[in-house]
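Enquirer: See protein.csv below, with CSV, C-alpha atoms.
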chain,number,residue,atom,x,y,z
K,32,MET,CA,7.3,-23.6,-3.9
K,33,SER,CA,9.2,-22.3,-7.0
K,34,GLU,CA,7.3,-20.7,-9.8
K,35,PRO,CA,7.2,-22.0,-13.3
K,36,LEU,CA,9.9,-20.7,-15.6
K,37,TRP,CA,7.5,-18.8,-17.8
K,38,LEU,CA,6.2,-16.8,-14.8
K,39,GLU,CA,9.7,-16.1,-13.6
K,40,LYS,CA,10.6,-14.7,-17.0
K,41,LEU,CA,7.4,-12.7,-17.1
K,42,ARG,CA,7.9,-11.2,-13.7
K,43,ARG,CA,11.5,-10.3,-14.5
K,44,ALA,CA,10.6,-8.6,-17.7
K,45,ALA,CA,7.8,-6.7,-16.0
K,46,LEU,CA,10.0,-5.6,-13.2
K,47,ASP,CA,12.7,-4.5,-15.6
K,48,ARG,CA,10.1,-2.5,-17.5
K,49,PHE,CA,8.8,-0.8,-14.3
K,50,THR,CA,12.4,0.1,-13.4
K,51,GLU,CA,12.8,1.8,-16.8
K,52,LEU,CA,9.4,3.6,-16.6
K,53,GLY,CA,9.4,4.5,-12.9
K,54,PHE,CA,6.4,6.0,-11.3
K,55,PRO,CA,4.5,8.3,-13.6
K,56,THR,CA,4.8,12.0,-13.0
K,57,THR,CA,2.6,15.0,-13.8
K,58,HIS,CA,5.0,15.8,-16.8
K,59,GLU,CA,3.3,12.9,-18.6
K,60,GLU,CA,0.1,13.7,-20.5
K,61,GLU,CA,-1.8,10.7,-19.1
K,62,TRP,CA,-0.9,11.8,-15.5
K,63,LYS,CA,-0.8,15.6,-15.8
K,64,HIS,CA,-3.6,16.1,-13.3
K,65,THR,CA,-2.8,13.2,-10.9
K,66,SER,CA,0.4,13.1,-8.8
K,67,VAL,CA,1.4,9.7,-7.3
K,68,SER,CA,4.3,11.1,-5.4
K,69,ALA,CA,2.7,10.1,-2.1
K,70,ILE,CA,2.7,6.5,-3.3
K,71,ALA,CA,6.3,6.7,-4.6
K,72,ARG,CA,7.6,8.2,-1.3
K,73,ALA,CA,5.8,5.8,1.0
K,74,GLU,CA,7.1,2.5,2.3
K,75,PHE,CA,4.5,-0.2,1.8
K,76,ALA,CA,5.0,-3.8,2.9
K,77,PRO,CA,3.0,-6.9,1.9
K,78,GLY,CA,0.5,-7.9,4.5
K,79,GLY,CA,-0.4,-11.4,5.6
K,80,LEU,CA,-3.7,-13.3,5.9
K,81,ALA,CA,-5.0,-11.2,8.8
K,82,GLY,CA,-7.7,-12.7,10.8
K,83,LEU,CA,-11.3,-11.6,10.0
K,84,SER,CA,-14.6,-12.9,11.2
K,85,ALA,CA,-16.5,-11.5,8.2
K,86,PRO,CA,-15.4,-10.3,4.7
K,87,LEU,CA,-16.5,-6.7,5.3
K,88,GLU,CA,-18.5,-6.8,2.1
K,89,ASP,CA,-21.4,-9.1,1.4
K,90,LEU,CA,-23.8,-8.7,-1.5
K,91,GLY,CA,-25.6,-11.9,-0.9
K,92,CYS,CA,-23.8,-13.9,-3.6
K,93,GLN,CA,-23.5,-17.6,-3.1
K,94,ASN,CA,-20.2,-17.6,-5.0
K,95,ARG,CA,-17.8,-15.4,-3.1
K,96,LEU,CA,-14.0,-15.4,-3.3
K,97,VAL,CA,-12.4,-13.3,-0.5
K,98,PHE,CA,-8.8,-12.1,-0.6
K,99,VAL,CA,-7.2,-10.5,2.5
K,100,ASN,CA,-4.2,-8.3,1.8
K,101,GLY,CA,-4.2,-9.8,-1.7
K,102,LEU,CA,-4.2,-13.5,-0.5
K,103,PHE,CA,-7.1,-15.9,-0.9
K,104,SER,CA,-9.0,-16.8,2.3
K,105,ALA,CA,-10.8,-20.1,2.0
K,106,GLU,CA,-12.5,-19.6,5.4
K,107,LEU,CA,-14.3,-16.4,4.3
K,108,SER,CA,-15.1,-17.7,0.8
K,109,SER,CA,-18.1,-19.7,-0.4
K,110,SER,CA,-19.0,-21.5,-3.5
K,111,ALA,CA,-22.1,-23.0,-5.2
K,112,LEU,CA,-20.9,-23.1,-8.8
K,113,ALA,CA,-23.0,-24.6,-11.5
K,114,GLY,CA,-21.6,-26.9,-14.1
K,115,GLY,CA,-19.4,-25.2,-16.7
K,116,VAL,CA,-18.2,-22.5,-14.3
K,117,LYS,CA,-14.9,-22.4,-12.5
K,118,ALA,CA,-13.7,-19.8,-10.0
K,119,GLY,CA,-10.7,-19.9,-7.8
K,120,SER,CA,-7.5,-18.3,-6.8
K,121,LEU,CA,-4.6,-17.6,-9.2
K,122,ALA,CA,-2.1,-18.9,-6.8
K,123,ALA,CA,-3.9,-22.2,-6.5
K,124,LEU,CA,-4.0,-22.6,-10.3
K,125,LEU,CA,-0.3,-21.9,-10.5
K,126,GLN,CA,0.4,-24.4,-7.8
K,127,ALA,CA,-1.7,-27.0,-9.6
K,128,GLY,CA,0.2,-26.5,-12.9
K,129,SER,CA,-2.9,-25.2,-14.8
K,130,ASP,CA,-2.2,-23.9,-18.3
K,131,ILE,CA,-4.8,-21.1,-17.9
K,132,PRO,CA,-2.5,-18.5,-16.4
K,133,GLU,CA,0.2,-19.1,-19.0
K,134,SER,CA,-2.3,-18.9,-21.8
K,135,HIS,CA,-3.8,-15.6,-20.7
K,136,LEU,CA,-1.9,-13.8,-18.0
K,137,ALA,CA,-0.4,-10.4,-19.2
K,138,ARG,CA,-1.7,-11.1,-22.8
K,139,TYR,CA,-4.1,-8.2,-22.7
K,140,ALA,CA,-3.1,-5.5,-20.1
K,141,ASP,CA,-0.1,-3.8,-21.5
K,142,TYR,CA,2.8,-3.7,-19.0
K,143,ALA,CA,5.2,-2.3,-21.5
K,144,SER,CA,3.5,1.1,-21.5
K,145,HIS,CA,1.9,1.3,-18.1
K,146,ALA,CA,4.0,1.4,-15.0
K,147,PHE,CA,1.4,0.3,-12.5
K,148,VAL,CA,0.5,-2.7,-14.7
K,149,ALA,CA,4.1,-3.6,-14.9
K,150,LEU,CA,4.4,-3.4,-11.1
K,151,ASN,CA,1.4,-5.6,-10.7
K,152,THR,CA,2.7,-8.1,-13.2
K,153,ALA,CA,6.0,-8.3,-11.3
K,154,ARG,CA,4.5,-8.5,-7.8
K,155,ALA,CA,1.1,-10.1,-8.0
K,156,ALA,CA,0.8,-12.9,-5.5
K,157,ASP,CA,-2.9,-13.9,-6.0
K,158,GLY,CA,-6.2,-12.9,-7.5
K,159,GLY,CA,-9.4,-14.3,-8.8
K,160,VAL,CA,-9.7,-16.5,-11.9
K,161,VAL,CA,-13.2,-17.0,-13.3
K,162,GLU,CA,-13.9,-19.3,-16.3
K,163,ILE,CA,-17.3,-19.6,-17.8
K,164,GLY,CA,-17.8,-22.4,-20.3
K,165,LYS,CA,-19.5,-22.3,-23.7
K,166,ASP,CA,-23.2,-21.4,-23.7
K,167,VAL,CA,-23.3,-21.3,-19.9
K,168,ARG,CA,-25.8,-18.7,-18.4
K,169,MET,CA,-25.1,-17.9,-14.8
K,170,GLU,CA,-28.0,-17.0,-12.6
K,171,GLU,CA,-26.2,-14.7,-10.2
K,172,PRO,CA,-22.8,-13.0,-10.0
K,173,ILE,CA,-19.4,-14.3,-8.7
K,174,HIS,CA,-18.2,-11.8,-6.1
K,175,LEU,CA,-14.5,-11.1,-5.7
K,176,VAL,CA,-13.9,-9.3,-2.4
K,177,PHE,CA,-10.5,-7.7,-1.7
K,178,VAL,CA,-10.0,-6.6,1.9
K,179,SER,CA,-7.0,-4.6,3.0
K,180,MET,CA,-6.1,-5.1,6.7
K,181,PRO,CA,-2.9,-3.1,7.6
K,182,ASN,CA,-1.1,-4.6,10.6
K,183,GLY,CA,0.1,-1.4,12.2
K,184,ARG,CA,2.0,-0.2,9.1
K,185,PRO,CA,1.1,0.6,5.5
K,186,THR,CA,0.6,-2.4,3.4
K,187,VAL,CA,0.4,-3.1,-0.3
K,188,SER,CA,-1.4,-5.7,-2.4
K,189,HIS,CA,-1.4,-6.4,-6.2
K,190,PRO,CA,-4.5,-8.4,-7.0
K,191,ARG,CA,-4.5,-10.0,-10.5
K,192,ASN,CA,-7.8,-11.1,-11.9
K,193,LEU,CA,-8.7,-13.1,-15.0
K,194,ILE,CA,-12.2,-13.4,-16.4
K,195,LEU,CA,-12.7,-15.8,-19.3
K,196,ALA,CA,-16.2,-15.9,-20.9
K,197,GLY,CA,-16.7,-18.7,-23.4
K,198,ARG,CA,-18.6,-18.5,-26.6
K,199,GLY,CA,-22.3,-17.7,-26.1
K,200,SER,CA,-22.0,-17.5,-22.3
K,201,ARG,CA,-23.4,-14.9,-19.9
K,202,ALA,CA,-21.9,-14.0,-16.6
K,203,SER,CA,-21.7,-11.3,-14.0
K,204,VAL,CA,-18.5,-10.6,-11.9
K,205,ILE,CA,-18.3,-8.1,-9.1
K,206,GLU,CA,-15.1,-6.8,-7.7
K,207,SER,CA,-15.3,-5.0,-4.3
K,208,TYR,CA,-12.3,-3.2,-2.7
K,209,VAL,CA,-12.7,-2.3,0.9
K,210,GLY,CA,-10.7,-1.6,4.1
K,211,PRO,CA,-11.1,-0.2,7.6
K,212,ALA,CA,-11.6,3.6,7.8
K,213,GLY,CA,-8.5,5.6,8.8
K,214,THR,CA,-6.0,3.0,7.7
K,215,THR,CA,-3.2,3.6,5.1
K,216,TYR,CA,-2.5,1.1,2.4
K,217,PHE,CA,-2.0,0.8,-1.4
K,218,THR,CA,-4.0,-1.4,-3.7
K,219,ASN,CA,-2.7,-1.9,-7.2
K,220,ALA,CA,-5.1,-4.2,-9.1
K,221,VAL,CA,-5.3,-5.5,-12.7
K,222,THR,CA,-8.2,-7.3,-14.3
K,223,GLU,CA,-8.1,-8.9,-17.7
K,224,ILE,CA,-11.5,-9.8,-19.3
K,225,VAL,CA,-11.8,-12.0,-22.4
K,226,ALA,CA,-15.3,-12.1,-23.9
K,227,GLY,CA,-15.7,-14.8,-26.5
K,228,GLU,CA,-18.0,-14.8,-29.5
K,229,ASP,CA,-21.5,-13.8,-28.5
K,230,ALA,CA,-20.6,-13.7,-24.8
K,231,VAL,CA,-22.1,-11.2,-22.4
K,232,VAL,CA,-20.1,-10.1,-19.4
K,233,ASP,CA,-21.5,-7.7,-16.8
K,234,HIS,CA,-18.5,-6.4,-14.8
K,235,TYR,CA,-19.0,-4.4,-11.6
K,236,LYS,CA,-16.1,-2.7,-9.9
K,237,PHE,CA,-16.8,-1.1,-6.5
K,238,GLN,CA,-14.1,0.9,-4.7
K,239,TYR,CA,-14.9,1.7,-1.0
K,240,GLU,CA,-11.4,2.0,0.2
K,241,SER,CA,-10.3,3.8,3.4
K,242,ASP,CA,-10.1,7.6,3.3
K,243,ARG,CA,-6.3,7.3,3.7
K,244,ALA,CA,-5.8,4.6,1.1
K,245,TYR,CA,-4.4,4.7,-2.4
K,246,HIS,CA,-6.1,2.8,-5.2
K,247,VAL,CA,-4.8,2.2,-8.7
K,248,ALA,CA,-6.6,-0.2,-11.0
K,249,THR,CA,-6.6,-1.3,-14.6
K,250,VAL,CA,-9.4,-3.2,-16.3
K,251,GLN,CA,-8.6,-4.4,-19.8
K,252,ALA,CA,-11.2,-6.2,-21.9
K,253,VAL,CA,-10.8,-7.9,-25.3
K,254,GLN,CA,-14.0,-8.7,-27.2
K,255,ASP,CA,-14.8,-11.2,-29.9
K,256,ARG,CA,-17.5,-11.1,-32.6
K,257,GLY,CA,-20.9,-10.2,-31.2
K,258,SER,CA,-19.8,-10.0,-27.6
K,259,VAL,CA,-21.2,-7.5,-25.1
K,260,VAL,CA,-19.3,-6.1,-22.1
K,261,ASN,CA,-21.2,-3.9,-19.6
K,262,SER,CA,-18.8,-2.2,-17.2
K,263,HIS,CA,-20.1,-0.5,-14.0
K,264,ASN,CA,-17.3,1.4,-12.2
K,265,VAL,CA,-18.1,3.1,-8.9
K,266,SER,CA,-15.4,5.0,-7.0
K,267,LEU,CA,-16.4,6.4,-3.7
K,268,GLY,CA,-13.4,6.0,-1.3
K,269,ALA,CA,-9.6,6.4,-1.1
K,270,ALA,CA,-7.5,9.5,-0.7
K,271,LEU,CA,-6.3,8.9,-4.3
K,272,ALA,CA,-8.0,6.7,-6.8
K,273,ARG,CA,-7.0,6.0,-10.4
K,274,ASN,CA,-9.0,3.8,-12.7
K,275,ASP,CA,-8.1,2.8,-16.2
K,276,ILE,CA,-11.0,1.0,-17.9
K,277,ASN,CA,-10.3,-0.2,-21.4
K,278,SER,CA,-11.8,-2.4,-24.1
K,279,VAL,CA,-10.7,-3.6,-27.5
K,280,LEU,CA,-13.7,-4.3,-29.7
K,281,ASP,CA,-11.9,-6.9,-31.8
K,282,GLY,CA,-14.8,-8.7,-33.5
K,283,GLU,CA,-17.6,-7.5,-35.8
K,284,GLY,CA,-20.8,-6.5,-34.0
K,285,ALA,CA,-19.2,-6.2,-30.5
K,286,GLU,CA,-20.7,-3.8,-28.1
K,287,CYS,CA,-19.3,-2.2,-25.0
K,288,PHE,CA,-21.1,0.0,-22.4
K,289,LEU,CA,-19.1,1.9,-19.8
K,290,ASN,CA,-20.9,3.3,-16.8
K,291,GLY,CA,-19.0,5.2,-14.2
K,292,LEU,CA,-19.8,7.2,-11.0
K,293,PHE,CA,-17.2,8.9,-8.8
K,294,ILE,CA,-17.7,11.1,-5.7
K,295,THR,CA,-15.0,13.1,-4.0
K,296,GLY,CA,-15.1,15.2,-0.8
K,297,GLY,CA,-12.6,16.6,1.6
K,298,ARG,CA,-9.3,16.4,-0.3
K,299,GLN,CA,-10.0,13.2,-2.2
K,300,HIS,CA,-8.8,12.8,-5.7
K,301,ALA,CA,-10.4,10.5,-8.3
K,302,ASP,CA,-9.0,10.0,-11.8
K,303,ASN,CA,-10.9,7.9,-14.4
K,304,HIS,CA,-9.3,7.2,-17.8
K,305,THR,CA,-11.1,5.1,-20.4
K,306,LEU,CA,-10.2,3.8,-23.8
K,307,LEU,CA,-12.6,2.2,-26.3
K,308,ASP,CA,-10.6,0.8,-29.2
K,309,HIS,CA,-12.9,0.0,-32.1
K,310,ALA,CA,-10.8,-2.4,-34.1
K,311,LYS,CA,-13.4,-4.0,-36.3
K,312,PRO,CA,-16.5,-2.9,-38.3
K,313,HIS,CA,-20.1,-2.7,-37.1
K,314,CYS,CA,-19.3,-2.2,-33.4
K,315,ALA,CA,-21.0,0.1,-31.0
K,316,SER,CA,-20.1,1.7,-27.7
K,317,ARG,CA,-21.9,3.8,-25.2
K,318,GLU,CA,-20.2,5.6,-22.3
K,319,LEU,CA,-21.6,7.7,-19.5
K,320,TYR,CA,-19.4,8.8,-16.5
K,321,LYS,CA,-20.7,11.1,-13.8
K,322,GLY,CA,-18.8,12.9,-11.1
K,323,ILE,CA,-20.0,14.5,-7.9
K,324,LEU,CA,-17.4,16.7,-6.3
K,325,ASP,CA,-17.6,18.5,-2.9
K,326,GLY,CA,-15.2,20.2,-0.5
K,327,HIS,CA,-11.7,20.4,-2.0
K,328,GLY,CA,-12.3,17.2,-3.9
K,329,GLU,CA,-10.7,16.8,-7.3
K,330,GLY,CA,-11.8,14.7,-10.3
K,331,VAL,CA,-10.3,13.8,-13.6
K,332,PHE,CA,-12.1,12.2,-16.6
K,333,ASN,CA,-10.1,11.4,-19.7
K,334,GLY,CA,-12.1,9.3,-22.1
K,335,LYS,CA,-10.8,8.3,-25.5
K,336,ILE,CA,-12.6,6.6,-28.4
K,337,VAL,CA,-10.3,5.2,-31.2
K,338,VAL,CA,-11.8,4.1,-34.4
K,339,ARG,CA,-9.3,2.3,-36.6
K,340,LYS,CA,-9.1,2.5,-40.4
K,341,ASP,CA,-11.1,-0.7,-41.1
K,342,ALA,CA,-13.7,-0.1,-38.4
K,343,GLN,CA,-16.4,1.2,-40.7
K,344,LYS,CA,-20.0,1.5,-39.4
K,345,THR,CA,-18.8,2.3,-35.9
K,346,ASN,CA,-21.4,3.8,-33.6
K,347,ALA,CA,-19.9,5.4,-30.5
K,348,ILE,CA,-21.3,7.9,-28.0
K,349,GLN,CA,-19.4,9.3,-25.0
K,350,SER,CA,-20.6,11.6,-22.3
K,351,ASN,CA,-19.1,12.9,-19.1
K,352,LYS,CA,-21.3,15.0,-16.7
K,353,ASN,CA,-20.1,16.6,-13.5
K,354,LEU,CA,-21.8,18.2,-10.5
K,355,LEU,CA,-19.8,20.6,-8.4
K,356,LEU,CA,-21.2,21.0,-4.9
K,357,SER,CA,-18.5,23.4,-3.7
K,358,GLY,CA,-16.7,26.4,-5.0
K,359,ASP,CA,-13.4,24.7,-4.1
K,360,ALA,CA,-14.0,21.5,-6.0
K,361,VAL,CA,-12.2,20.9,-9.3
K,362,ILE,CA,-12.8,18.7,-12.3
K,363,ASN,CA,-10.6,18.3,-15.3
K,364,THR,CA,-12.5,16.6,-18.2
K,365,LYS,CA,-11.2,15.7,-21.6
K,366,PRO,CA,-13.3,13.6,-23.9
K,367,GLN,CA,-11.4,12.5,-27.1
K,368,LEU,CA,-12.1,11.0,-30.5
K,369,GLU,CA,-9.5,9.6,-32.8
K,370,ILE,CA,-11.2,8.5,-36.0
K,371,PHE,CA,-9.3,6.9,-38.9
K,372,ALA,CA,-12.4,5.6,-40.7
K,373,ASP,CA,-14.9,7.6,-42.8
K,374,ASP,CA,-18.2,5.9,-42.4
K,375,VAL,CA,-18.9,6.2,-38.6
K,376,ARG,CA,-21.3,7.9,-36.2
K,377,CYS,CA,-19.4,9.2,-33.1
K,378,THR,CA,-20.2,11.9,-30.6
K,379,HIS,CA,-18.7,13.0,-27.4
K,380,GLY,CA,-19.2,15.8,-24.8
K,381,ALA,CA,-18.7,16.9,-21.3
K,382,THR,CA,-20.7,19.2,-18.9
K,383,VAL,CA,-19.8,20.8,-15.6
K,384,GLY,CA,-22.5,22.5,-13.5
K,385,GLN,CA,-23.9,23.2,-10.0
K,386,LEU,CA,-27.1,22.2,-8.4
K,387,ASP,CA,-30.2,23.4,-10.1
K,388,LYS,CA,-31.4,26.4,-8.1
K,389,GLU,CA,-34.9,26.3,-9.5
K,390,ALA,CA,-35.3,22.7,-8.5
K,391,LEU,CA,-34.0,23.4,-5.0
K,392,PHE,CA,-36.4,26.4,-4.7
K,393,TYR,CA,-39.3,24.4,-5.9
K,394,MET,CA,-38.7,21.6,-3.4
K,395,GLN,CA,-38.2,24.1,-0.5
K,396,SER,CA,-41.4,25.9,-1.4
K,397,ARG,CA,-43.2,22.6,-0.8
K,398,GLY,CA,-41.8,22.2,2.7
K,399,ILE,CA,-38.7,20.1,2.0
K,400,PRO,CA,-35.7,21.4,4.1
K,401,ALA,CA,-32.8,22.9,2.2
K,402,ALA,CA,-30.3,20.2,3.2
K,403,GLU,CA,-32.8,17.4,2.2
K,404,ALA,CA,-33.6,19.1,-1.1
K,405,ARG,CA,-29.9,19.4,-1.9
K,406,ARG,CA,-29.4,15.7,-1.1
K,407,LEU,CA,-32.3,14.6,-3.2
K,408,VAL,CA,-31.3,16.6,-6.3
K,409,THR,CA,-27.7,15.2,-5.9
K,410,TYR,CA,-29.0,11.7,-5.6
K,411,ALA,CA,-31.2,12.1,-8.7
K,412,PHE,CA,-28.1,13.1,-10.6
K,413,ALA,CA,-26.5,9.7,-9.8
K,414,GLY,CA,-29.7,7.7,-10.2
K,415,GLU,CA,-29.4,7.2,-14.0
K,416,LEU,CA,-26.3,5.1,-13.4
K,417,LEU,CA,-27.8,3.1,-10.6
K,418,ASP,CA,-30.7,2.2,-12.8
K,419,ARG,CA,-28.3,0.5,-15.2
K,420,MET,CA,-27.2,-2.1,-12.6
K,421,GLU,CA,-29.1,-5.3,-13.1
K,422,TRP,CA,-28.0,-7.0,-9.9
K,423,GLN,CA,-30.3,-5.6,-7.3
K,424,PRO,CA,-28.1,-6.2,-4.2
K,425,ALA,CA,-25.3,-4.4,-5.9
K,426,ARG,CA,-27.5,-1.5,-6.8
K,427,GLU,CA,-28.8,-1.3,-3.2
K,428,ARG,CA,-25.3,-1.4,-1.8
K,429,VAL,CA,-24.3,1.6,-3.9
K,430,GLU,CA,-27.5,3.4,-3.0
K,431,ALA,CA,-26.9,2.9,0.7
K,432,GLU,CA,-23.3,4.2,0.4
K,433,LEU,CA,-24.6,7.2,-1.6
K,434,HIS,CA,-27.2,8.0,1.1
K,435,ARG,CA,-24.4,7.8,3.8
K,436,ILE,CA,-22.0,10.0,1.9
K,437,LEU,CA,-24.6,12.6,0.9
K,438,GLY,CA,-26.1,12.6,4.4
K,439,ASP,CA,-22.7,13.6,5.8
K,440,ARG,CA,-22.4,16.6,3.6
What do you get writing this file as structure tokens?

Expert:
Amino acid sequence: MSEPLWLEKLRRAALDRFTELGFPTTHEEEWKHTSVSAIARAEFAPGGLAGLSAPLEDLGCQNRLVFVNGLFSAELSSSALAGGVKAGSLAALLQAGSDIPESHLARYADYASHAFVALNTARAADGGVVEIGKDVRMEEPIHLVFVSMPNGRPTVSHPRNLILAGRGSRASVIESYVGPAGTTYFTNAVTEIVAGEDAVVDHYKFQYESDRAYHVATVQAVQDRGSVVNSHNVSLGAALARNDINSVLDGEGAECFLNGLFITGGRQHADNHTLLDHAKPHCASRELYKGILDGHGEGVFNGKIVVRKDAQKTNAIQSNKNLLLSGDAVINTKPQLEIFADDVRCTHGATVGQLDKEALFYMQSRGIPAAEARRLVTYAFAGELLDRMEWQPARERVEAELHRILGDR
């Protein structure tokens, strides 16, 4: 089936822009610590709807949309949506002639400046679209599950998600990215979130990709007056992972909370870039990202807070804390403030340290084996972020993965 003319034009413009930009290199400031040459050299092919008997990731949500190799699988999905809530696949909406994609797609995530967003815009075949009506309060999350299943050769998918929260609504949306261990594939995802006036959106992004996979993702939120966006970004898998988590606080009194946890081991590389753009007065943001790095693992944190000229009374706090478990682990951290208003309260900071030797000694002196003491102290470091996750099954899923990872080290 042919695509609508507006989408053809959009794809063509995005592809032309990607051709101009090319894959980013370490000569660019935003990518100086992350090389994507392995992605640029590899030959990835789109995968099909590979057969699965289970979605590989189940958080007990009644509303679950499953995508296999970037394509919607009705067989693995389930729905018990309340009135005022719609959730489905982008491809289905396009086929039905819905005006939602044209009204919102590529309006927020900037493909003109970001190569991977341009590539996604040009190549996206499907993704999840969630629409929450005015004053609707959802009881439990909608879970978007993205499963990569390579069929004997490296595959690529470009999930494109759209989350629209109407005025006064409250909703939780979980994105999970998974794939079989030992398989090579590339996931390039983009999610656009529109939080209407006084809306509250809890967004969870969990990345448990294969240890040989590549994961690049952009989450772009735009917030209206009085809205709240809570972002929980957990990155535990992939050989190379890059997350760009951004929000524009574009209405007075908007609030944004960014919570992030990343763990690397072996030769894993995790890069987290965040941007909080305070565009209007009386807005607040709180950001806490924590990294745990072991083996030869590498981490990057680059967090920027921008306060525009008219965004008086801004209150913004940013913190990045990192724990190095190995002498070979590396972290590059760069918290940034760009302030163009004069009546603001903004702070930022970063710390890098090792396990507390006194705490380890104290625990061992009371009969706790050294390895267990090390694991408990490391887990406690991550615990602050887990406590911020309101959806208990999601929190328990991350806890289980943490115990597995830390138990192996």

Enquirer: In the coordinates of the file, take the point (-12.9, 6.6, -18.0) and a cut-off of 6 Å; then, counting all atoms listed in the file, name each qualifying protein, DNA or RNA residue as number ranges by chain.

Expert: K: 276, 303-305, 332-334

Enquirer: Smallest atom-to-atom distance to Val259 of chain K: which of K:Val225, K:Leu292, K:Ile348, K:Val247, using all atoms listed in the file?

Expert: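 Going through K:Val225, K:Leu292, K:Ile348, K:Val247 one by one, the smallest distance to Val259 of chain K is for K:Val225.
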
Enquirer: Mind running segment 61-174 of chain K against segment 189-203 of chain K at 7 Å and telling me each contacting residue's nearest atom pair with the distance in Å (one decimal), counting only C-alpha atoms, chain and number ascending, as a tab-separated table?

Expert:
residue	atom	partner	partner_atom	distance
K:Gly101	CA	K:Pro190	CA	5.5
K:Asn151	CA	K:His189	CA	5.4
K:Arg154	CA	K:His189	CA	6.5
K:Ala155	CA	K:His189	CA	4.8
K:Ala156	CA	K:His189	CA	6.9
K:Asp157	CA	K:Pro190	CA	5.8
K:Gly158	CA	K:Arg191	CA	4.5
K:Gly159	CA	K:Asn192	CA	4.7
K:Val160	CA	K:Leu193	CA	4.7
K:Val161	CA	K:Ile194	CA	4.9
K:Glu162	CA	K:Leu195	CA	4.8
K:Ile163	CA	K:Ala196	CA	5.0
K:Gly164	CA	K:Gly197	CA	5.0
K:Lys165	CA	K:Gly197	CA	4.6
K:Asp166	CA	K:Ser200	CA	4.3
K:Val167	CA	K:Ser200	CA	4.7
K:Arg168	CA	K:Arg201	CA	4.7
K:Met169	CA	K:Ala202	CA	5.4
K:Glu171	CA	K:Ser203	CA	6.8
K:Pro172	CA	K:Ser203	CA	4.5
K:Ile173	CA	K:Ser203	CA	6.5

Enquirer: Compile the contact shell of Leu38 of chain K as a list of chain:residue names: residues with an atom at most 12 Å away, counting only C-alpha atoms, same-chain residues fewer than 2 positions apart removed.

Expert: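 The residues that qualify are K:Ser33, K:Glu34, K:Pro35, K:Leu36, K:Lys40, K:Leu41, K:Arg42, K:Arg43, K:Ala44, K:Ala45, K:Leu46, K:Ala122, K:Leu125, K:Gln126, K:Gly128, K:Asp130, K:Pro132, K:Glu133, K:Ser134, K:His135, K:Leu136, K:Ala137, K:Thr152, K:Ala153, K:Arg154, K:Ala155, K:Ala156.
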
Enquirer: Please, what distance in Å, to one decimal, runs between atom CA of Asp47 of chain K and atom CA of Arg138 of chain K?

Expert: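 Separation between atom CA of Asp47 of chain K and atom CA of Arg138 of chain K: 17.4 Å.
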
Enquirer: Give me the residues within 8 Å of Pro366 of chain K as a list in words, counting only C-alpha atoms and dropping any in the same chain fewer than 6 places off.

Expert: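 That gives Phe332, Asn333, Gly334, Lys335, Gln349, Ser350, Asn351, His379, Gly380 and Ala381 of chain K.
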
Enquirer: Identify which of the residues K:Thr378, K:Thr186, K:Thr57, K:Ser104 lies closest to Ala73 of chain K, counting only C-alpha atoms when measuring atom-to-atom distances.

Expert: K:Thr186

Enquirer: If I take atom CA of Asp387 of chain K and atom CA of Asn353 of chain K, how far is one from the other in Å, to one decimal?

Expert: 12.6 Å

Enquirer: Using all atoms listed in the file for the distances, tell me which of K:His327, K:Lys236, K:His246, K:Arg405 is nearest to Asn219 of chain K.

Expert: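 Among the listed residues, the smallest separation from Asn219 of chain K belongs to K:His246.
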
Enquirer: Find the spatial neighbours of Val221 of chain K, counting all atoms listed in the file, within a cut-off of 6 Å - ignore same-chain residues fewer than 5 positions away - and output them as number ranges by chain.

Expert: K: 191, 248-250

Enquirer: Just how far from atom CA of Leu90 of chain K is atom CA of Gln423 of chain K, in Å to one decimal?

Expert: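 The value is 9.2 Å.
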
Enquirer: Show me, as a ChimeraX atom specification, the residues that have an atom within 12 Å of Ala111 of chain K when counting all atoms listed in the file, minus same-chain residues fewer than 5 positions from it.

Expert: /K:92-96,116-118,169-174

Enquirer: Counting all atoms listed in the file, which residue out of K:Gln395, K:Ser188, K:Ser120, K:Ser109 sits closest to Gly78 of chain K?

Expert: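 Of K:Gln395, K:Ser188, K:Ser120, K:Ser109, the one nearest Gly78 of chain K, counting all atoms listed in the file, is K:Ser188.
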
Enquirer: Residues near Phe293 of chain K, anyone? I mean within 10 Å using only C-alpha atoms, not counting same-chain ones fewer than 3 positions away, as a list of chain:residue names.

Expert: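 Once the nearby chain positions are removed, what remains is K:Gln238, K:Asn264, K:Val265, K:Ser266, K:Leu267, K:Gly268, K:Ala272, K:His300, K:Ala301, K:Asp302, K:Asn303, K:Tyr320, K:Lys321, K:Gly322, K:Ile323, K:Leu324, K:Gly330, K:Val331, K:Phe332, K:Asn353, K:Ala413.
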
Enquirer: List every protein, DNA or RNA residue that has an atom no more than 6 Å from (-21.0, 21.3, -9.0) in the file's coordinate frame, counting all atoms listed in the file, and report them as a list in words.

Expert: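 Answer for this query, in the requested form: Leu354, Leu355, Leu356, Gly384 and Gln385 of chain K.
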
Enquirer: Go through K:Thr345, K:Ser179, K:Thr50, K:Ser278 one by one, measure the shortest atom-to-atom distance of each to Leu306 of chain K using all atoms listed in the file, and give the residue with the smallest value.

Expert: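 Counting all atoms listed in the file, the residue closest to Leu306 of chain K is K:Ser278.
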